[in-house]
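Shown below: data_9.pdb, with PDB, C-alpha atoms and all ligand atoms.
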MODEL        1
ATOM      1  CA  MET H   1     -63.720 -60.661   2.656
ATOM      2  CA  THR H   2     -64.721 -63.903   1.058
ATOM      3  CA  THR H   3     -64.411 -65.148  -2.479
ATOM      4  CA  ALA H   4     -64.964 -68.373  -4.306
ATOM      5  CA  SER H   5     -63.678 -69.970  -7.439
ATOM      6  CA  THR H   6     -67.168 -70.980  -8.551
ATOM      7  CA  PRO H   7     -69.637 -68.189  -9.513
ATOM      8  CA  ALA H   8     -73.163 -68.052  -8.124
ATOM      9  CA  THR H   9     -75.923 -69.324 -10.432
ATOM     10  CA  PRO H  10     -79.675 -69.747  -9.965
ATOM     11  CA  ASP H  11     -79.217 -73.497  -9.473
ATOM     12  CA  ARG H  12     -76.449 -72.844  -6.952
ATOM     13  CA  PRO H  13     -78.062 -70.700  -4.278
ATOM     14  CA  SER H  14     -76.032 -68.540  -1.929
ATOM     15  CA  VAL H  15     -75.717 -69.575   1.667
ATOM     16  CA  ALA H  16     -79.002 -68.960   3.434
ATOM     17  CA  GLY H  17     -80.259 -67.125   0.324
ATOM     18  CA  ASP H  18     -77.957 -64.153   1.047
ATOM     19  CA  PRO H  19     -76.402 -62.910  -2.275
ATOM     20  CA  SER H  20     -73.449 -61.462  -0.355
ATOM     21  CA  ARG H  21     -72.527 -64.906   0.888
ATOM     22  CA  PRO H  22     -70.605 -67.360  -1.318
ATOM     23  CA  PRO H  23     -72.664 -69.823  -3.345
ATOM     24  CA  LEU H  24     -72.556 -73.423  -2.384
ATOM     25  CA  PRO H  25     -70.792 -75.730  -4.799
ATOM     26  CA  PRO H  26     -72.504 -78.637  -6.566
ATOM     27  CA  GLY H  27     -73.229 -81.272  -3.983
ATOM     28  CA  GLY H  28     -73.509 -78.612  -1.285
ATOM     29  CA  ALA H  29     -69.970 -78.938   0.099
ATOM     30  CA  TRP H  30     -66.590 -77.375  -0.758
ATOM     31  CA  HIS H  31     -63.714 -79.590  -1.603
ATOM     32  CA  LEU H  32     -61.306 -77.123  -0.077
ATOM     33  CA  LEU H  33     -61.507 -74.221   2.339
ATOM     34  CA  VAL H  34     -58.535 -71.870   2.281
ATOM     35  CA  ILE H  35     -58.209 -69.471   5.177
ATOM     36  CA  GLY H  36     -56.127 -66.422   4.329
ATOM     37  CA  GLY H  37     -55.812 -64.640   0.998
ATOM     38  CA  GLY H  38     -52.075 -63.968   1.097
ATOM     39  CA  THR H  39     -49.589 -65.324  -1.413
ATOM     40  CA  ALA H  40     -49.868 -68.866  -0.122
ATOM     41  CA  GLY H  41     -53.655 -68.848   0.076
ATOM     42  CA  ILE H  42     -54.146 -67.378  -3.399
ATOM     43  CA  VAL H  43     -51.665 -69.722  -5.020
ATOM     44  CA  GLY H  44     -53.060 -72.762  -3.195
ATOM     45  CA  ALA H  45     -56.681 -71.883  -4.012
ATOM     46  CA  LYS H  46     -55.885 -71.232  -7.645
ATOM     47  CA  ALA H  47     -53.951 -74.441  -8.049
ATOM     48  CA  ALA H  48     -56.738 -76.508  -6.498
ATOM     49  CA  ALA H  49     -59.409 -74.784  -8.609
ATOM     50  CA  SER H  50     -57.376 -75.410 -11.754
ATOM     51  CA  LEU H  51     -57.512 -79.125 -10.908
ATOM     52  CA  GLY H  52     -61.296 -78.952 -10.781
ATOM     53  CA  ALA H  53     -61.792 -78.619  -7.044
ATOM     54  CA  SER H  54     -64.423 -76.288  -5.678
ATOM     55  CA  VAL H  55     -62.555 -73.889  -3.415
ATOM     56  CA  LEU H  56     -63.669 -71.337  -0.885
ATOM     57  CA  LEU H  57     -61.057 -68.690  -0.025
ATOM     58  CA  VAL H  58     -61.685 -66.663   3.105
ATOM     59  CA  GLU H  59     -59.738 -63.473   3.761
ATOM     60  CA  ARG H  60     -60.422 -61.381   6.826
ATOM     61  CA  HIS H  61     -58.689 -58.203   5.775
ATOM     62  CA  ARG H  62     -57.106 -57.514   2.380
ATOM     63  CA  ILE H  63     -56.617 -59.977  -0.471
ATOM     64  CA  GLY H  64     -52.900 -60.100  -1.267
ATOM     65  CA  GLY H  65     -51.596 -60.410   2.273
ATOM     66  CA  ASP H  66     -48.234 -59.157   3.461
ATOM     67  CA  CYS H  67     -46.424 -59.467   0.154
ATOM     68  CA  LEU H  68     -48.772 -57.121  -1.688
ATOM     69  CA  TRP H  69     -49.551 -54.583   1.027
ATOM     70  CA  THR H  70     -46.571 -54.307   3.354
ATOM     71  CA  GLY H  71     -43.806 -56.666   2.190
ATOM     72  CA  CYS H  72     -42.380 -57.431  -1.244
ATOM     73  CA  VAL H  73     -44.150 -54.817  -3.363
ATOM     74  CA  PRO H  74     -43.882 -51.692  -1.163
ATOM     75  CA  SER H  75     -40.333 -52.564  -0.077
ATOM     76  CA  LYS H  76     -39.173 -52.886  -3.704
ATOM     77  CA  ALA H  77     -40.883 -49.592  -4.570
ATOM     78  CA  LEU H  78     -39.039 -47.923  -1.679
ATOM     79  CA  LEU H  79     -35.743 -49.466  -2.753
ATOM     80  CA  ALA H  80     -36.244 -48.252  -6.335
ATOM     81  CA  ALA H  81     -37.064 -44.723  -5.163
ATOM     82  CA  ALA H  82     -34.063 -44.666  -2.791
ATOM     83  CA  SER H  83     -31.795 -45.921  -5.538
ATOM     84  CA  ARG H  84     -32.925 -43.143  -7.881
ATOM     85  CA  ALA H  85     -32.493 -40.528  -5.176
ATOM     86  CA  ALA H  86     -28.991 -41.844  -4.460
ATOM     87  CA  SER H  87     -27.918 -41.721  -8.091
ATOM     88  CA  ALA H  88     -29.292 -38.192  -8.437
ATOM     89  CA  GLU H  89     -27.337 -37.174  -5.337
ATOM     90  CA  ARG H  90     -24.096 -38.785  -6.537
ATOM     91  CA  PRO H  91     -24.007 -38.356 -10.300
ATOM     92  CA  SER H  92     -21.436 -40.333 -12.225
ATOM     93  CA  PHE H  93     -19.343 -37.253 -13.002
ATOM     94  CA  PRO H  94     -16.542 -36.482 -12.815
ATOM     95  CA  ASP H  95     -14.631 -39.748 -12.631
ATOM     96  CA  ARG H  96     -15.149 -40.338 -16.315
ATOM     97  CA  GLU H  97     -14.457 -36.729 -17.228
ATOM     98  CA  TRP H  98     -11.211 -36.010 -15.449
ATOM     99  CA  PRO H  99      -8.862 -37.767 -13.054
ATOM    100  CA  GLY H 100     -10.851 -37.786  -9.839
ATOM    101  CA  ARG H 101      -9.052 -40.577  -8.019
ATOM    102  CA  SER H 102      -6.381 -40.437  -5.404
ATOM    103  CA  ALA H 103      -2.875 -41.635  -6.148
ATOM    104  CA  ALA H 104      -3.773 -44.859  -4.347
ATOM    105  CA  GLY H 105      -6.681 -45.362  -6.702
ATOM    106  CA  ASP H 106      -9.311 -44.776  -4.025
ATOM    107  CA  PRO H 107     -12.617 -43.431  -5.237
ATOM    108  CA  PRO H 108     -13.242 -39.803  -4.288
ATOM    109  CA  ASP H 109     -15.235 -39.283  -1.102
ATOM    110  CA  MET H 110     -17.017 -36.152  -2.052
ATOM    111  CA  GLN H 111     -18.402 -34.734  -5.240
ATOM    112  CA  MET H 112     -20.161 -31.424  -5.524
ATOM    113  CA  ARG H 113     -21.714 -29.550  -8.400
ATOM    114  CA  ALA H 114     -23.147 -26.048  -8.511
ATOM    115  CA  GLU H 115     -24.280 -24.056 -11.518
ATOM    116  CA  ILE H 116     -25.828 -20.744 -12.378
ATOM    117  CA  MET H 117     -27.512 -19.186 -15.396
ATOM    118  CA  VAL H 118     -25.889 -15.943 -16.516
ATOM    119  CA  GLY H 119     -27.451 -13.381 -18.839
ATOM    120  CA  VAL H 120     -24.418 -12.841 -21.056
ATOM    121  CA  PRO H 121     -23.150 -14.783 -24.096
ATOM    122  CA  ALA H 122     -21.028 -17.839 -23.387
ATOM    123  CA  GLU H 123     -17.924 -16.220 -24.975
ATOM    124  CA  GLN H 124     -18.128 -13.345 -22.509
ATOM    125  CA  ALA H 125     -18.406 -15.664 -19.521
ATOM    126  CA  TRP H 126     -15.571 -17.872 -20.789
ATOM    127  CA  ALA H 127     -13.406 -14.787 -21.300
ATOM    128  CA  LEU H 128     -13.558 -14.170 -17.556
ATOM    129  CA  VAL H 129     -13.661 -17.758 -16.280
ATOM    130  CA  GLY H 130     -11.141 -19.208 -18.737
ATOM    131  CA  GLU H 131      -9.019 -16.652 -20.521
ATOM    132  CA  ARG H 132      -8.725 -14.561 -17.372
ATOM    133  CA  PHE H 133      -8.360 -17.594 -15.124
ATOM    134  CA  GLY H 134      -5.754 -15.760 -13.079
ATOM    135  CA  ASP H 135      -8.077 -12.859 -12.256
ATOM    136  CA  ILE H 136     -10.506 -14.651  -9.959
ATOM    137  CA  GLY H 137      -9.343 -12.416  -7.115
ATOM    138  CA  MET H 138     -10.998  -9.499  -8.888
ATOM    139  CA  TRP H 139     -14.539 -10.797  -8.613
ATOM    140  CA  ALA H 140     -14.738 -13.662  -6.043
ATOM    141  CA  ALA H 141     -15.270 -12.386  -2.492
ATOM    142  CA  PRO H 142     -13.396 -15.197  -0.677
ATOM    143  CA  ILE H 143     -10.243 -14.607  -2.737
ATOM    144  CA  THR H 144      -8.390 -11.449  -1.853
ATOM    145  CA  ARG H 145      -5.651 -11.722  -4.479
ATOM    146  CA  SER H 146      -4.751 -14.024  -7.338
ATOM    147  CA  THR H 147      -1.974 -14.396  -9.909
ATOM    148  CA  LEU H 148      -1.211 -16.826 -12.724
ATOM    149  CA  ASP H 149       2.386 -17.782 -13.500
ATOM    150  CA  ALA H 150       1.870 -18.389 -17.241
ATOM    151  CA  ALA H 151      -0.705 -18.114 -20.007
ATOM    152  CA  PRO H 152      -3.740 -20.249 -19.163
ATOM    153  CA  GLY H 153      -3.084 -23.842 -20.207
ATOM    154  CA  PRO H 154      -2.176 -27.197 -18.671
ATOM    155  CA  GLY H 155       0.591 -26.779 -16.094
ATOM    156  CA  ALA H 156      -0.014 -23.074 -15.370
ATOM    157  CA  VAL H 157      -0.371 -22.391 -11.648
ATOM    158  CA  ARG H 158      -2.784 -19.906 -10.131
ATOM    159  CA  THR H 159      -1.932 -18.640  -6.662
ATOM    160  CA  CYS H 160      -4.924 -17.562  -4.602
ATOM    161  CA  HIS H 161      -4.873 -15.726  -1.291
ATOM    162  CA  VAL H 162      -8.004 -17.103   0.274
ATOM    163  CA  ARG H 163     -10.045 -15.423   2.976
ATOM    164  CA  GLY H 164     -11.771 -18.760   3.744
ATOM    165  CA  PHE H 165     -13.801 -20.905   1.369
ATOM    166  CA  GLY H 166     -16.053 -23.801   2.357
ATOM    167  CA  PRO H 167     -13.905 -26.133   4.473
ATOM    168  CA  VAL H 168     -10.713 -24.259   3.450
ATOM    169  CA  PRO H 169      -9.438 -21.756   6.038
ATOM    170  CA  ALA H 170      -7.643 -18.493   5.222
ATOM    171  CA  GLY H 171      -4.288 -19.038   3.532
ATOM    172  CA  VAL H 172      -2.575 -19.437   0.193
ATOM    173  CA  VAL H 173      -3.787 -22.072  -2.272
ATOM    174  CA  HIS H 174      -1.998 -23.073  -5.470
ATOM    175  CA  GLU H 175      -4.141 -24.361  -8.316
ATOM    176  CA  ARG H 176      -2.458 -26.170 -11.219
ATOM    177  CA  LEU H 177      -4.394 -26.346 -14.468
ATOM    178  CA  LEU H 178      -4.853 -29.943 -15.645
ATOM    179  CA  THR H 179      -6.963 -29.274 -18.723
ATOM    180  CA  PHE H 180      -7.848 -26.122 -20.612
ATOM    181  CA  ASP H 181     -10.284 -26.650 -23.479
ATOM    182  CA  VAL H 182     -10.988 -23.388 -25.302
ATOM    183  CA  ALA H 183     -13.354 -24.944 -27.858
ATOM    184  CA  GLY H 184     -15.322 -26.767 -25.161
ATOM    185  CA  ARG H 185     -15.082 -23.790 -22.776
ATOM    186  CA  SER H 186     -14.028 -25.934 -19.864
ATOM    187  CA  LEU H 187     -11.019 -26.259 -17.604
ATOM    188  CA  SER H 188      -9.972 -28.319 -14.630
ATOM    189  CA  TYR H 189      -7.353 -27.784 -11.975
ATOM    190  CA  GLU H 190      -5.933 -29.461  -8.889
ATOM    191  CA  ALA H 191      -5.607 -27.485  -5.691
ATOM    192  CA  ASP H 192      -2.615 -27.626  -3.371
ATOM    193  CA  GLY H 193      -2.230 -26.049   0.077
ATOM    194  CA  LEU H 194      -5.581 -27.276   1.390
ATOM    195  CA  PRO H 195      -6.162 -28.529   4.961
ATOM    196  CA  GLY H 196      -4.489 -31.838   5.827
ATOM    197  CA  PHE H 197      -7.718 -33.827   5.813
ATOM    198  CA  ILE H 198      -8.090 -33.236   2.066
ATOM    199  CA  ALA H 199      -5.837 -35.662   0.191
ATOM    200  CA  ARG H 200      -6.780 -34.411  -3.252
ATOM    201  CA  ALA H 201      -9.081 -31.768  -4.713
ATOM    202  CA  VAL H 202      -9.886 -31.378  -8.380
ATOM    203  CA  ASN H 203     -12.214 -28.712  -9.689
ATOM    204  CA  ARG H 204     -13.785 -28.326 -13.085
ATOM    205  CA  TRP H 205     -15.430 -25.240 -14.506
ATOM    206  CA  SER H 206     -17.402 -25.121 -17.715
ATOM    207  CA  VAL H 207     -19.463 -22.597 -19.649
ATOM    208  CA  THR H 208     -22.349 -23.768 -21.825
ATOM    209  CA  ALA H 209     -24.280 -21.499 -24.201
ATOM    210  CA  GLN H 210     -28.013 -21.241 -23.580
ATOM    211  CA  GLY H 211     -29.150 -19.437 -26.703
ATOM    212  CA  GLU H 212     -27.373 -16.329 -27.931
ATOM    213  CA  GLY H 213     -27.400 -14.062 -24.911
ATOM    214  CA  ALA H 214     -27.190 -16.453 -21.979
ATOM    215  CA  CYS H 215     -25.113 -19.312 -20.661
ATOM    216  CA  THR H 216     -24.719 -21.707 -17.778
ATOM    217  CA  VAL H 217     -21.573 -21.648 -15.672
ATOM    218  CA  ARG H 218     -20.960 -24.852 -13.783
ATOM    219  CA  ALA H 219     -18.460 -25.627 -11.025
ATOM    220  CA  GLN H 220     -17.757 -29.243 -10.088
ATOM    221  CA  ALA H 221     -15.493 -30.399  -7.290
ATOM    222  CA  THR H 222     -14.140 -33.838  -6.420
ATOM    223  CA  LEU H 223     -12.390 -34.299  -3.113
ATOM    224  CA  THR H 224     -10.589 -37.297  -1.658
ATOM    225  CA  LEU H 225     -10.550 -37.088   2.115
ATOM    226  CA  ARG H 226      -8.107 -38.625   4.552
ATOM    227  CA  GLY H 227      -8.767 -41.103   7.376
ATOM    228  CA  PRO H 228     -11.332 -40.119   9.955
ATOM    229  CA  MET H 229     -12.774 -37.330   7.824
ATOM    230  CA  ARG H 230     -13.951 -39.709   5.138
ATOM    231  CA  PRO H 231     -17.388 -40.367   6.663
ATOM    232  CA  LEU H 232     -17.860 -36.608   6.921
ATOM    233  CA  GLY H 233     -17.778 -36.104   3.151
ATOM    234  CA  TRP H 234     -21.405 -34.967   3.224
ATOM    235  CA  LEU H 235     -20.542 -32.168   5.644
ATOM    236  CA  VAL H 236     -17.593 -31.000   3.551
ATOM    237  CA  ARG H 237     -19.797 -31.085   0.476
ATOM    238  CA  SER H 238     -22.510 -29.040   2.112
ATOM    239  CA  ARG H 239     -20.048 -26.289   3.136
ATOM    240  CA  LEU H 240     -18.355 -26.352  -0.238
ATOM    241  CA  ARG H 241     -21.630 -26.117  -2.120
ATOM    242  CA  ALA H 242     -22.753 -23.095  -0.106
ATOM    243  CA  SER H 243     -19.473 -21.293  -0.850
ATOM    244  CA  ALA H 244     -19.444 -22.319  -4.516
ATOM    245  CA  THR H 245     -23.010 -21.090  -4.989
ATOM    246  CA  ALA H 246     -22.072 -17.726  -3.468
ATOM    247  CA  VAL H 247     -19.026 -17.419  -5.736
ATOM    248  CA  LEU H 248     -21.102 -18.239  -8.824
ATOM    249  CA  ASP H 249     -23.537 -15.546  -7.773
ATOM    250  CA  GLU H 250     -20.633 -13.093  -7.520
ATOM    251  CA  LEU H 251     -19.498 -14.135 -10.977
ATOM    252  CA  ARG H 252     -22.961 -13.564 -12.423
ATOM    253  CA  HIS H 253     -23.223 -10.134 -10.839
ATOM    254  CA  HIS H 254     -19.807  -9.181 -12.176
ATOM    255  CA  LEU H 255     -20.629 -10.378 -15.696
ATOM    256  CA  GLU H 256     -24.117  -8.910 -15.901
ATOM    257  CA  THR H 257     -23.477  -5.528 -14.285
ATOM    258  CA  GLY H 258     -19.780  -4.974 -14.947
ATOM    259  CA  THR H 259     -19.291  -4.117 -11.279
ATOM    260  CA  PRO H 260     -18.093  -6.230  -8.350
ATOM    261  CA  HIS H 261     -20.724  -7.966  -6.246
ATOM    262  CA  PRO H 262     -21.537  -6.053  -3.022
ATOM    263  CA  ARG H 263     -19.956  -8.952  -1.065
ATOM    264  CA  LYS H 264     -16.727  -8.449  -2.997
ATOM    265  CA  LEU H 265     -16.782  -4.719  -2.301
ATOM    266  CA  ALA H 266     -17.468  -5.327   1.384
ATOM    267  CA  ALA H 267     -14.700  -7.931   1.574
ATOM    268  CA  ALA H 268     -12.274  -5.594  -0.183
ATOM    269  CA  ALA H 269     -13.118  -2.742   2.161
ATOM    270  CA  GLY H 270     -13.224  -4.850   5.331
ATOM    271  CA  PRO H 271     -10.540  -5.523   7.919
ATOM    272  CA  GLY H 272      -7.680  -7.631   6.667
ATOM    273  CA  ALA H 273      -8.347  -6.750   3.041
ATOM    274  CA  GLY H 274      -4.696  -5.717   2.637
ATOM    275  CA  SER H 275      -3.492  -5.577  -0.910
ATOM    276  CA  ALA H 276      -6.740  -7.127  -2.086
ATOM    277  CA  THR H 277      -8.532  -3.807  -2.368
ATOM    278  CA  GLY H 278      -6.757  -2.894  -5.555
ATOM    279  CA  ASN H 279      -7.888  -6.160  -7.101
ATOM    280  CA  ALA H 280     -11.598  -5.426  -6.792
ATOM    281  CA  THR H 281     -11.487  -3.249  -9.875
ATOM    282  CA  VAL H 282     -13.525  -4.415 -12.811
ATOM    283  CA  ARG H 283     -11.741  -4.600 -16.103
TER     284      ARG H 283
HETATM  285  C1  LIG U 301     -40.661 -56.055   4.306
HETATM  286  C2  LIG U 301     -40.889 -57.384   3.640
HETATM  287  C3  LIG U 301     -40.348 -57.610   2.380
HETATM  288  C4  LIG U 301     -40.553 -58.829   1.759
HETATM  289  N1  LIG U 301     -40.006 -59.016   0.513
HETATM  290  C5  LIG U 301     -40.191 -60.212  -0.106
HETATM  291  C6  LIG U 301     -39.668 -60.419  -1.399
HETATM  292  O1  LIG U 301     -39.061 -59.537  -2.009
HETATM  293  N2  LIG U 301     -39.862 -61.643  -1.975
HETATM  294  C7  LIG U 301     -40.542 -62.640  -1.326
HETATM  295  O2  LIG U 301     -40.675 -63.718  -1.876
HETATM  296  N3  LIG U 301     -41.049 -62.466  -0.089
HETATM  297  C8  LIG U 301     -40.911 -61.283   0.546
HETATM  298  N4  LIG U 301     -41.435 -61.100   1.793
HETATM  299  C9  LIG U 301     -42.123 -62.188   2.437
HETATM  300  C10 LIG U 301     -43.555 -62.293   1.938
HETATM  301  O3  LIG U 301     -44.253 -61.091   2.174
HETATM  302  C11 LIG U 301     -44.194 -63.432   2.680
HETATM  303  O4  LIG U 301     -43.407 -64.573   2.503
HETATM  304  C12 LIG U 301     -45.586 -63.707   2.160
HETATM  305  O5  LIG U 301     -46.385 -62.561   2.286
HETATM  306  C13 LIG U 301     -46.160 -64.865   2.931
HETATM  307  O6  LIG U 301     -47.448 -65.141   2.383
HETATM  308  P1  LIG U 301     -48.540 -65.885   3.210
HETATM  309  O7  LIG U 301     -49.704 -66.038   2.305
HETATM  310  O8  LIG U 301     -47.969 -67.100   3.836
HETATM  311  O9  LIG U 301     -48.902 -64.926   4.448
HETATM  312  P2  LIG U 301     -49.511 -63.423   4.456
HETATM  313  O10 LIG U 301     -49.026 -62.640   3.305
HETATM  314  O11 LIG U 301     -49.231 -62.945   5.817
HETATM  315  O12 LIG U 301     -51.055 -63.664   4.248
HETATM  316  C14 LIG U 301     -51.857 -64.184   5.260
HETATM  317  C15 LIG U 301     -53.292 -63.672   5.022
HETATM  318  O13 LIG U 301     -54.177 -64.391   5.853
HETATM  319  C16 LIG U 301     -55.133 -63.506   6.391
HETATM  320  N5  LIG U 301     -55.640 -64.120   7.609
HETATM  321  C17 LIG U 301     -54.940 -64.392   8.729
HETATM  322  N6  LIG U 301     -55.740 -65.015   9.621
HETATM  323  C18 LIG U 301     -56.981 -65.100   9.059
HETATM  324  C19 LIG U 301     -58.228 -65.606   9.487
HETATM  325  N7  LIG U 301     -58.385 -66.191  10.702
HETATM  326  N8  LIG U 301     -59.284 -65.531   8.665
HETATM  327  C20 LIG U 301     -59.160 -64.947   7.443
HETATM  328  N9  LIG U 301     -58.000 -64.467   6.975
HETATM  329  C21 LIG U 301     -56.914 -64.526   7.785
HETATM  330  C22 LIG U 301     -54.361 -62.234   6.603
HETATM  331  O14 LIG U 301     -55.210 -61.110   6.660
HETATM  332  C23 LIG U 301     -53.454 -62.213   5.383
HETATM  333  O15 LIG U 301     -54.039 -61.514   4.309
HETATM  334  C24 LIG U 301     -41.277 -59.868   2.420
HETATM  335  C25 LIG U 301     -41.823 -59.641   3.688
HETATM  336  C26 LIG U 301     -41.642 -58.421   4.291
HETATM  337  C27 LIG U 301     -42.228 -58.180   5.659
ENDMDL
END
Whole structure, structure tokens version:
Amino acid sequence: MTTASTPATPDRPSVAGDPSRPPLPPGGAWHLLVIGGGTAGIVGAKAAASLGASVLLVERHRIGGDCLWTGCVPSKALLAAASRAASAERPSFPDREWPGRSAAGDPPDMQMRAEIMVGVPAEQAWALVGERFGDIGMWAAPITRSTLDAAPGPGAVRTCHVRGFGPVPAGVVHERLLTFDVAGRSLSYEADGLPGFIARAVNRWSVTAQGEGACTVRAQATLTLRGPMRPLGWLVRSRLRASATAVLDELRHHLETGTPHPRKLAAAAGPGAGSATGNATVR
């Protein structure tokens, strides 16, 4: 491609009479020939033209050069897109919302959020998630039995007999309530009895009304991992999210139908169910 700072006019004929060719400047010769229409060429040509020089700029491919087509502009667009994707993947919750830092003040290594829309009023969902915090063993398939040592409120401890949940193997997990906000329909608790590679785990549940007959139930988890497991936060998160999504689905089924989810029934009837079977009753 070629371009010139001086437009063609009848008294300035194009080269060899070809209108596609650049016109010759007054006097028949260019003051300056710039080869290459990249940043340097454009800036140089423009500066010379602004000083009154007649300039011919010759570009063999695309005006703009590397900066416009492959360098500065596309790379900044990619960086901006990656930055947005990263902030969507790691939202700023829950550090500002509840204590999500380890005792040493390290930032958490893994944050996970899962939510589900349920076709019952928010009060009904909160009644099960919050007021009956201790009864999770009645509707969540991975939990065979659960008890709460006091009325729901900060300091109360829920004991869960877990069949296996995300990265947590079968065993007993104690969950101490940190916050219990009836008006805001949210609670948070810290889990104890998790595998050694988890230094701290804080979970938050909340129920938000969506009109009169529906609500959103959200589960958020923040984990601080130990030593060599820290780079594997993404793997822990992926397993945790799959399990949390399944549990929310079991909660929705329980709330909307008044009966345990088929997974809960199968888990209660399956081998190793033990004393859990009695807990699968819907109240
Ligand atoms: C990934 C990347 C990111 C970058 N980010 C930045 C940034 O953020 N900020 C910044 O300041 N710089 C950045 N740069 C550097 C910037 O792109 C270059 O400094 C700038 O493009 C150099 O301009 P230039 O005009 O010297 O060369 P070029 O941009 O390479 O332009 C040369 C032009 O000359 C043409 N040409 C070559 N030979 C001939 C010929 N014989 N006849 C006719 N035409 C010819 C070419 O087709 C080309 O259009 C980045 C570069 C890259 C690769």
Size and centre in Å, one decimal, axis-aligned box, all listed segment 137-143 of chain H atoms plus 6 Å per side, as AutoDock Vina command-line options:
--center_x -12.3 --center_y -12.3 --center_z -4.8 --size_x 17.9 --size_y 17.7 --size_z 20.2
I would like the residues chosen by the PyMOL selection byres (((not hetatm)) within 6 of (chain U and resi 301)) on the shown file; could you give them as a PyMOL selection string? chain H and resi 35-41+58-67+71-72+75
Just say which residues the PyMOL selection byres (((chain H and resi 158) around 9) and not hetatm) picks in this file, as a PyMOL selection string. chain H and resi 133-134+146-150+156-157+159-160+173-177
Any chance you could work out the residue set of the PyMOL selection byres (((chain H and resi 181-198) around 8) and not hetatm) here, as a PyMOL selection string? chain H and resi 98+126+130+168-169+172-180+199-208+223-227+229
Could the residues in this selection be written to a file with C-alpha atoms, as a compact mmCIF listing (two decimals), keeping the file's coordinate frame?
# COMPACT_ATOMS: atom_id res chain seq x y z
CA TRP H 98 -11.21 -36.01 -15.45
CA TRP H 126 -15.57 -17.87 -20.79
CA GLY H 130 -11.14 -19.21 -18.74
CA VAL H 168 -10.71 -24.26 3.45
CA PRO H 169 -9.44 -21.76 6.04
CA VAL H 172 -2.58 -19.44 0.19
CA VAL H 173 -3.79 -22.07 -2.27
CA HIS H 174 -2.00 -23.07 -5.47
CA GLU H 175 -4.14 -24.36 -8.32
CA ARG H 176 -2.46 -26.17 -11.22
CA LEU H 177 -4.39 -26.35 -14.47
CA LEU H 178 -4.85 -29.94 -15.64
CA THR H 179 -6.96 -29.27 -18.72
CA PHE H 180 -7.85 -26.12 -20.61
CA ALA H 199 -5.84 -35.66 0.19
CA ARG H 200 -6.78 -34.41 -3.25
CA ALA H 201 -9.08 -31.77 -4.71
CA VAL H 202 -9.89 -31.38 -8.38
CA ASN H 203 -12.21 -28.71 -9.69
CA ARG H 204 -13.78 -28.33 -13.08
CA TRP H 205 -15.43 -25.24 -14.51
CA SER H 206 -17.40 -25.12 -17.72
CA VAL H 207 -19.46 -22.60 -19.65
CA THR H 208 -22.35 -23.77 -21.82
CA LEU H 223 -12.39 -34.30 -3.11
CA THR H 224 -10.59 -37.30 -1.66
CA LEU H 225 -10.55 -37.09 2.12
CA ARG H 226 -8.11 -38.62 4.55
CA GLY H 227 -8.77 -41.10 7.38
CA MET H 229 -12.77 -37.33 7.82
Can you work out the spacing between atom CA of Ser54 of chain H and atom CA of Arg21 of chain H in Å, to one decimal? 15.4 Å
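Pairwise distance (atom CA of Cys215 of chain H, atom CA of Ile136 of chain H) equals 18.7 Å.
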Please, can segment 137-147 of chain H be completed to N, CA and C atoms and returned as a PDB file, in the coordinates of the input?
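Just written: out29.pdb:
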ATOM      1  N   GLY H 137      -9.387 -13.303  -8.286  1.00  0.00           N
ATOM      2  CA  GLY H 137      -9.343 -12.416  -7.115  1.00  0.00           C
ATOM      3  C   GLY H 137     -10.035 -11.085  -7.351  1.00  0.00           C
ATOM      4  N   MET H 138     -10.338 -10.772  -8.594  1.00  0.00           N
ATOM      5  CA  MET H 138     -10.998  -9.499  -8.888  1.00  0.00           C
ATOM      6  C   MET H 138     -12.509  -9.560  -8.695  1.00  0.00           C
ATOM      7  N   TRP H 139     -13.075 -10.753  -8.730  1.00  0.00           N
ATOM      8  CA  TRP H 139     -14.539 -10.797  -8.613  1.00  0.00           C
ATOM      9  C   TRP H 139     -15.057 -11.732  -7.519  1.00  0.00           C
ATOM     10  N   ALA H 140     -14.264 -12.698  -7.063  1.00  0.00           N
ATOM     11  CA  ALA H 140     -14.738 -13.662  -6.043  1.00  0.00           C
ATOM     12  C   ALA H 140     -14.425 -13.136  -4.640  1.00  0.00           C
ATOM     13  N   ALA H 141     -15.453 -12.973  -3.822  1.00  0.00           N
ATOM     14  CA  ALA H 141     -15.270 -12.386  -2.492  1.00  0.00           C
ATOM     15  C   ALA H 141     -14.306 -13.162  -1.592  1.00  0.00           C
ATOM     16  N   PRO H 142     -14.292 -14.501  -1.621  1.00  0.00           N
ATOM     17  CA  PRO H 142     -13.396 -15.197  -0.677  1.00  0.00           C
ATOM     18  C   PRO H 142     -11.924 -15.122  -1.075  1.00  0.00           C
ATOM     19  N   ILE H 143     -11.643 -14.639  -2.277  1.00  0.00           N
ATOM     20  CA  ILE H 143     -10.243 -14.607  -2.737  1.00  0.00           C
ATOM     21  C   ILE H 143      -9.767 -13.155  -2.793  1.00  0.00           C
ATOM     22  N   THR H 144      -8.813 -12.839  -1.964  1.00  0.00           N
ATOM     23  CA  THR H 144      -8.390 -11.449  -1.853  1.00  0.00           C
ATOM     24  C   THR H 144      -7.421 -11.060  -2.967  1.00  0.00           C
ATOM     25  N   ARG H 145      -6.644 -12.023  -3.439  1.00  0.00           N
ATOM     26  CA  ARG H 145      -5.651 -11.722  -4.479  1.00  0.00           C
ATOM     27  C   ARG H 145      -5.347 -12.986  -5.248  1.00  0.00           C
ATOM     28  N   SER H 146      -5.097 -12.839  -6.561  1.00  0.00           N
ATOM     29  CA  SER H 146      -4.751 -14.024  -7.338  1.00  0.00           C
ATOM     30  C   SER H 146      -3.789 -13.662  -8.464  1.00  0.00           C
ATOM     31  N   THR H 147      -2.904 -14.590  -8.790  1.00  0.00           N
ATOM     32  CA  THR H 147      -1.974 -14.396  -9.909  1.00  0.00           C
ATOM     33  C   THR H 147      -1.845 -15.716 -10.655  1.00  0.00           C
TER      34      THR H 147
END
